[in-house]
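One structure is given here, and the rest of the page talks about it.
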Amino acid sequence: MATLPTYTFNPGPAAVYPEVRQYLADAFEEGWLSVPHRSERFTALVRHCLDQARLKLNIPQDYTILFTSSATECWEILAQSLTPRRSFHLYNGSFGQKWFDYARALRPGCTGLRFDINDVPDPATLPFNPEETDLVCLTQNETSTATQLRDQFILNTFNRLGPALLAVDATSSLGGLALKFIKADVWYGSVQKCLGLPAGLGIMVLSPRAVARAREVGDNAHYNSLNGMVKQMLNYQTTHTPNVLGIYLLSRVLQAREPIKTIAPHLAERAQKLYDYFEQVQPLGLRPLIDNTEARSTTVIGLQGPAALIEEMKRRARDEAGLQLGSGYGDHKATSLRIANFPAVPDAAFEALVQFFEKIRNEEVAR
């Protein structure tokens, strides 16, 4: 059997909190794997999980929190339940593109705009008509390109919406950044990134305006129609047999972790140190994938270099230092690395990462 790496920087499924091992044992011993999902015990678990999410992630009390199977499922839910006409999609990478493709398959009138990974578009010039668009869709943290749209961009977009709603994919930032939930109508993500859990559970957060719009649209034709999901969550239940284990693990992780106001600054500081290192040192020519500092992600750090060097670094990091580096994705798959700066990745892992590259650099200098 292959030796597992000491630390993984894979951006998803990513590192899990080490405590999850005990939580899994507890779930088995406490009978959570067989608990009926209409029981009082389950509804008490959901209530506790949502309370912890509001407390630790700073989600407003009047926003509705729902469980899905994944962030991918959220694409379909939003198209079905909030998009009777069309949505507009702004994207610069694979996951934003896929969201657009999913939406367009259900609503052929959807439109989109692709922008360069080093650009930050002007919200005032985004080509959508608020009167004719149901949903404006942003990928706040694009995992594939290691880019990020900052708070001010989201706020400026929100301010020109008119009757349209704003939906934000925060899959690789939910639980890592201090998101301003009141500046959008829909936020969603998955637990296998910044929340430090195994894959299999998604989270959707809805503003009161989004809940009201779902009622106006009136979609009730699907098991995951928003109206049904919201109605069931009033009783802390779901429309289908849910991932009870995932909800249990999420409640435990949220209860144990620090608030986002503590986590987010630490991740930002750690990211800046790593960006500074690769800008200044550039070991063997590796440098940040994103040149524009205003477009760089805090939670997914991209590095670029020749394809042969990328493969060599992944191999040597694994074999010599026990570090699993994240591969590139999409258009940048062969010529980039991605480093997950998620809360479950300990500081010791980043120290080991820099030590590895320093060793490589010193070897090169000595030749």
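Ligands are numbered from 1 in the order shown, residues from 1 within each chain, and chains are lettered A, B, ... in the order they appear in the structure tokens.
Residues in contact with A:Leu138 at up to 9 Å, not including ones fewer than 5 positions away on its chain and judged by only C-alpha atoms, are Phe88, His89, Leu90, Tyr91, Gly96, Leu149, Ile154, Leu166, Ala167, Val168, Asp169 and Ala170 of chain A.
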Identify, on the basis of only C-alpha atoms, every residue whose closest approach to stretch 276-288 of chain A does not exceed 7 Å; exclude the query and any residue fewer than 5 positions from it along the same chain; express the result as a PyMOL selection string. chain A and resi 302-305+357+361
Selection file, all heavy atoms, as a CSV table (one decimal), in the first residue's frame:
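Saved the output as again33.csv:
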```
chain,number,residue,atom,x,y,z
A,302,GLY,N,-2.3,29.8,-6.5
A,302,GLY,CA,-1.9,29.2,-7.7
A,302,GLY,C,-0.4,29.6,-8.0
A,302,GLY,O,0.0,30.7,-7.8
A,303,LEU,N,0.3,28.6,-8.5
A,303,LEU,CA,1.7,28.8,-8.9
A,303,LEU,C,1.8,28.3,-10.3
A,303,LEU,O,1.2,27.4,-10.7
A,303,LEU,CB,2.7,28.0,-8.0
A,303,LEU,CG,2.6,28.3,-6.5
A,303,LEU,CD1,3.5,27.4,-5.8
A,303,LEU,CD2,3.0,29.8,-6.2
A,304,GLN,N,2.7,29.0,-11.1
A,304,GLN,CA,2.9,28.5,-12.5
A,304,GLN,C,4.3,28.3,-12.8
A,304,GLN,O,5.2,28.8,-12.2
A,304,GLN,CB,2.3,29.6,-13.5
A,304,GLN,CG,3.0,31.0,-13.4
A,304,GLN,CD,2.4,31.9,-14.4
A,304,GLN,OE1,2.2,31.6,-15.6
A,304,GLN,NE2,2.2,33.2,-14.0
A,305,GLY,N,4.5,27.4,-13.9
A,305,GLY,CA,5.9,27.1,-14.3
A,305,GLY,C,5.8,26.2,-15.5
A,305,GLY,O,4.7,25.7,-15.9
A,357,PHE,N,10.9,23.8,-0.7
A,357,PHE,CA,11.3,24.6,-1.8
A,357,PHE,C,12.6,25.3,-1.6
A,357,PHE,O,13.4,25.5,-2.5
A,357,PHE,CB,10.2,25.7,-2.2
A,357,PHE,CG,9.1,25.1,-3.0
A,357,PHE,CD1,7.8,25.0,-2.4
A,357,PHE,CD2,9.3,24.7,-4.3
A,357,PHE,CE1,6.8,24.5,-3.1
A,357,PHE,CE2,8.2,24.2,-5.0
A,357,PHE,CZ,7.0,24.1,-4.4
A,361,ARG,N,15.8,24.9,-3.9
A,361,ARG,CA,16.5,26.1,-4.4
A,361,ARG,C,18.0,26.1,-4.1
A,361,ARG,O,18.9,26.4,-4.9
A,361,ARG,CB,15.9,27.4,-3.8
A,361,ARG,CG,16.5,28.7,-4.4
A,361,ARG,CD,15.7,29.8,-3.9
A,361,ARG,NE,15.9,30.1,-2.5
A,361,ARG,CZ,16.8,31.0,-2.0
A,361,ARG,NH1,17.5,31.7,-2.9
A,361,ARG,NH2,16.9,31.2,-0.8
```
Using DSSP on the backbone coordinates, identify the residues of stretch 198-364 of chain A assigned to alpha helix (DSSP H); present them as a VMD selection string. chain A and resid 208 to 217 226 to 233 244 to 256 260 to 280 307 to 321 347 to 364
Find the spatial neighbours of stretch 179-192 of chain A, counting only C-alpha atoms, within a cut-off of 7 Å - ignore same-chain residues fewer than 3 positions away - and output them as a ChimeraX atom specification. /A:12-14,59,70-71,154-155,158,165-171,174,195-199,201-207,209-210
Kindly export the residues of the current selection with C-alpha atoms, as a PDB file, in the first residue's frame.
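And here's again_10.pdb as it stands now:
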```
ATOM      1  CA  GLY A  12     -10.688  19.468  -2.908  1.00  0.00           C
ATOM      2  CA  PRO A  13     -11.511  17.072  -1.550  1.00  0.00           C
ATOM      3  CA  ALA A  14      -9.074  18.672   0.822  1.00  0.00           C
ATOM      4  CA  ILE A  59     -24.737  34.193   8.916  1.00  0.00           C
ATOM      5  CA  SER A  70     -23.093  19.364  -3.147  1.00  0.00           C
ATOM      6  CA  ALA A  71     -22.426  22.789  -4.620  1.00  0.00           C
ATOM      7  CA  ILE A 154     -19.819  42.001  -4.846  1.00  0.00           C
ATOM      8  CA  LEU A 155     -21.273  45.084  -3.133  1.00  0.00           C
ATOM      9  CA  PHE A 158     -25.456  44.037  -5.669  1.00  0.00           C
ATOM     10  CA  LEU A 165     -31.131  38.493  -7.442  1.00  0.00           C
ATOM     11  CA  LEU A 166     -27.417  37.926  -6.804  1.00  0.00           C
ATOM     12  CA  ALA A 167     -26.128  34.361  -6.363  1.00  0.00           C
ATOM     13  CA  VAL A 168     -22.559  33.656  -5.248  1.00  0.00           C
ATOM     14  CA  ASP A 169     -20.547  30.452  -5.505  1.00  0.00           C
ATOM     15  CA  ALA A 170     -18.373  30.453  -2.381  1.00  0.00           C
ATOM     16  CA  THR A 171     -17.404  26.780  -2.556  1.00  0.00           C
ATOM     17  CA  LEU A 174     -17.137  29.385   2.755  1.00  0.00           C
ATOM     18  CA  LEU A 195     -14.942  23.406   6.367  1.00  0.00           C
ATOM     19  CA  GLY A 196     -12.478  20.525   6.628  1.00  0.00           C
ATOM     20  CA  LEU A 197     -14.857  17.591   6.098  1.00  0.00           C
ATOM     21  CA  PRO A 198     -15.272  14.678   3.658  1.00  0.00           C
ATOM     22  CA  ALA A 199     -17.286  15.432   0.516  1.00  0.00           C
ATOM     23  CA  LEU A 201     -22.761  17.773   1.802  1.00  0.00           C
ATOM     24  CA  GLY A 202     -23.548  21.191   0.375  1.00  0.00           C
ATOM     25  CA  ILE A 203     -24.845  24.330   2.074  1.00  0.00           C
ATOM     26  CA  MET A 204     -27.080  27.008   0.579  1.00  0.00           C
ATOM     27  CA  VAL A 205     -27.826  30.320   2.308  1.00  0.00           C
ATOM     28  CA  LEU A 206     -30.840  32.371   1.159  1.00  0.00           C
ATOM     29  CA  SER A 207     -31.803  35.963   1.888  1.00  0.00           C
ATOM     30  CA  ARG A 209     -35.667  38.312  -0.764  1.00  0.00           C
ATOM     31  CA  ALA A 210     -34.585  35.019  -2.342  1.00  0.00           C
TER      32      ALA A 210
END
```
Hey, what's within 8 Å of A:Ser225 if we count only C-alpha atoms and toss same-chain stuff fewer than 4 positions away? As a PyMOL selection string, please? chain A and resi 77+80-81+219-221+229
Output N, CA, C and O atoms for every residue in the selection just made, as a tab-separated table (two decimals), in the first residue's frame.
```tsv
chain	number	residue	atom	x	y	z
A	77	ILE	N	-30.71	23.63	-8.69
A	77	ILE	CA	-31.77	24.20	-7.86
A	77	ILE	C	-32.04	25.65	-8.25
A	77	ILE	O	-33.19	26.07	-8.40
A	80	GLN	N	-33.84	25.91	-11.59
A	80	GLN	CA	-35.23	25.45	-11.51
A	80	GLN	C	-36.12	26.43	-10.76
A	80	GLN	O	-37.24	26.73	-11.19
A	81	SER	N	-35.62	26.92	-9.61
A	81	SER	CA	-36.49	27.60	-8.65
A	81	SER	C	-36.39	29.11	-8.64
A	81	SER	O	-37.27	29.77	-8.09
A	219	ASP	N	-41.97	27.17	-8.19
A	219	ASP	CA	-41.52	25.84	-8.63
A	219	ASP	C	-41.73	24.82	-7.52
A	219	ASP	O	-41.15	24.94	-6.44
A	220	ASN	N	-42.53	23.81	-7.81
A	220	ASN	CA	-42.75	22.70	-6.87
A	220	ASN	C	-42.66	21.36	-7.58
A	220	ASN	O	-43.20	20.36	-7.11
A	221	ALA	N	-41.99	21.33	-8.72
A	221	ALA	CA	-41.98	20.14	-9.57
A	221	ALA	C	-40.82	19.19	-9.29
A	221	ALA	O	-40.72	18.15	-9.94
A	229	MET	N	-37.95	22.82	0.04
A	229	MET	CA	-36.82	22.77	0.95
A	229	MET	C	-36.97	23.79	2.09
A	229	MET	O	-36.70	23.48	3.25
```
Pick the closest to A:Asn129 from A:Val20, A:Gln272, A:Thr6, A:Arg86: which is it, counting only C-alpha atoms? A:Arg86
For A:Tyr236, find every residue with an atom within 9 Å (counting only C-alpha atoms), except residues of its own chain fewer than 4 positions away, and show them as a PDB file with N, CA, C and O atoms, in the first residue's frame.
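This went into result.pdb:
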```pdb
ATOM      1  N   PHE A  42     -33.137  13.986  15.230  1.00  0.00           N
ATOM      2  CA  PHE A  42     -32.529  14.567  14.039  1.00  0.00           C
ATOM      3  C   PHE A  42     -32.816  16.070  13.949  1.00  0.00           C
ATOM      4  O   PHE A  42     -31.930  16.856  13.640  1.00  0.00           O
ATOM      5  N   THR A  43     -34.047  16.469  14.203  1.00  0.00           N
ATOM      6  CA  THR A  43     -34.363  17.896  14.112  1.00  0.00           C
ATOM      7  C   THR A  43     -33.572  18.703  15.138  1.00  0.00           C
ATOM      8  O   THR A  43     -33.183  19.843  14.876  1.00  0.00           O
ATOM      9  N   ALA A  44     -33.312  18.112  16.303  1.00  0.00           N
ATOM     10  CA  ALA A  44     -32.479  18.790  17.300  1.00  0.00           C
ATOM     11  C   ALA A  44     -31.048  18.948  16.789  1.00  0.00           C
ATOM     12  O   ALA A  44     -30.402  19.973  17.013  1.00  0.00           O
ATOM     13  N   LEU A  45     -30.544  17.930  16.071  1.00  0.00           N
ATOM     14  CA  LEU A  45     -29.205  18.008  15.474  1.00  0.00           C
ATOM     15  C   LEU A  45     -29.148  19.129  14.437  1.00  0.00           C
ATOM     16  O   LEU A  45     -28.205  19.926  14.423  1.00  0.00           O
ATOM     17  N   VAL A  46     -30.150  19.196  13.562  1.00  0.00           N
ATOM     18  CA  VAL A  46     -30.174  20.233  12.536  1.00  0.00           C
ATOM     19  C   VAL A  46     -30.222  21.614  13.180  1.00  0.00           C
ATOM     20  O   VAL A  46     -29.505  22.536  12.771  1.00  0.00           O
ATOM     21  N   ARG A  47     -31.062  21.767  14.191  1.00  0.00           N
ATOM     22  CA  ARG A  47     -31.168  23.056  14.879  1.00  0.00           C
ATOM     23  C   ARG A  47     -29.808  23.470  15.461  1.00  0.00           C
ATOM     24  O   ARG A  47     -29.389  24.626  15.324  1.00  0.00           O
ATOM     25  N   GLN A 232     -39.767  22.631   4.529  1.00  0.00           N
ATOM     26  CA  GLN A 232     -39.329  21.559   5.416  1.00  0.00           C
ATOM     27  C   GLN A 232     -38.357  22.070   6.480  1.00  0.00           C
ATOM     28  O   GLN A 232     -38.385  21.624   7.629  1.00  0.00           O
TER      29      GLN A 232
END
```
Suppose you want the space between atom CA of A:Leu289 and atom CA of A:Gly322; what is it in Å? 23.5 Å
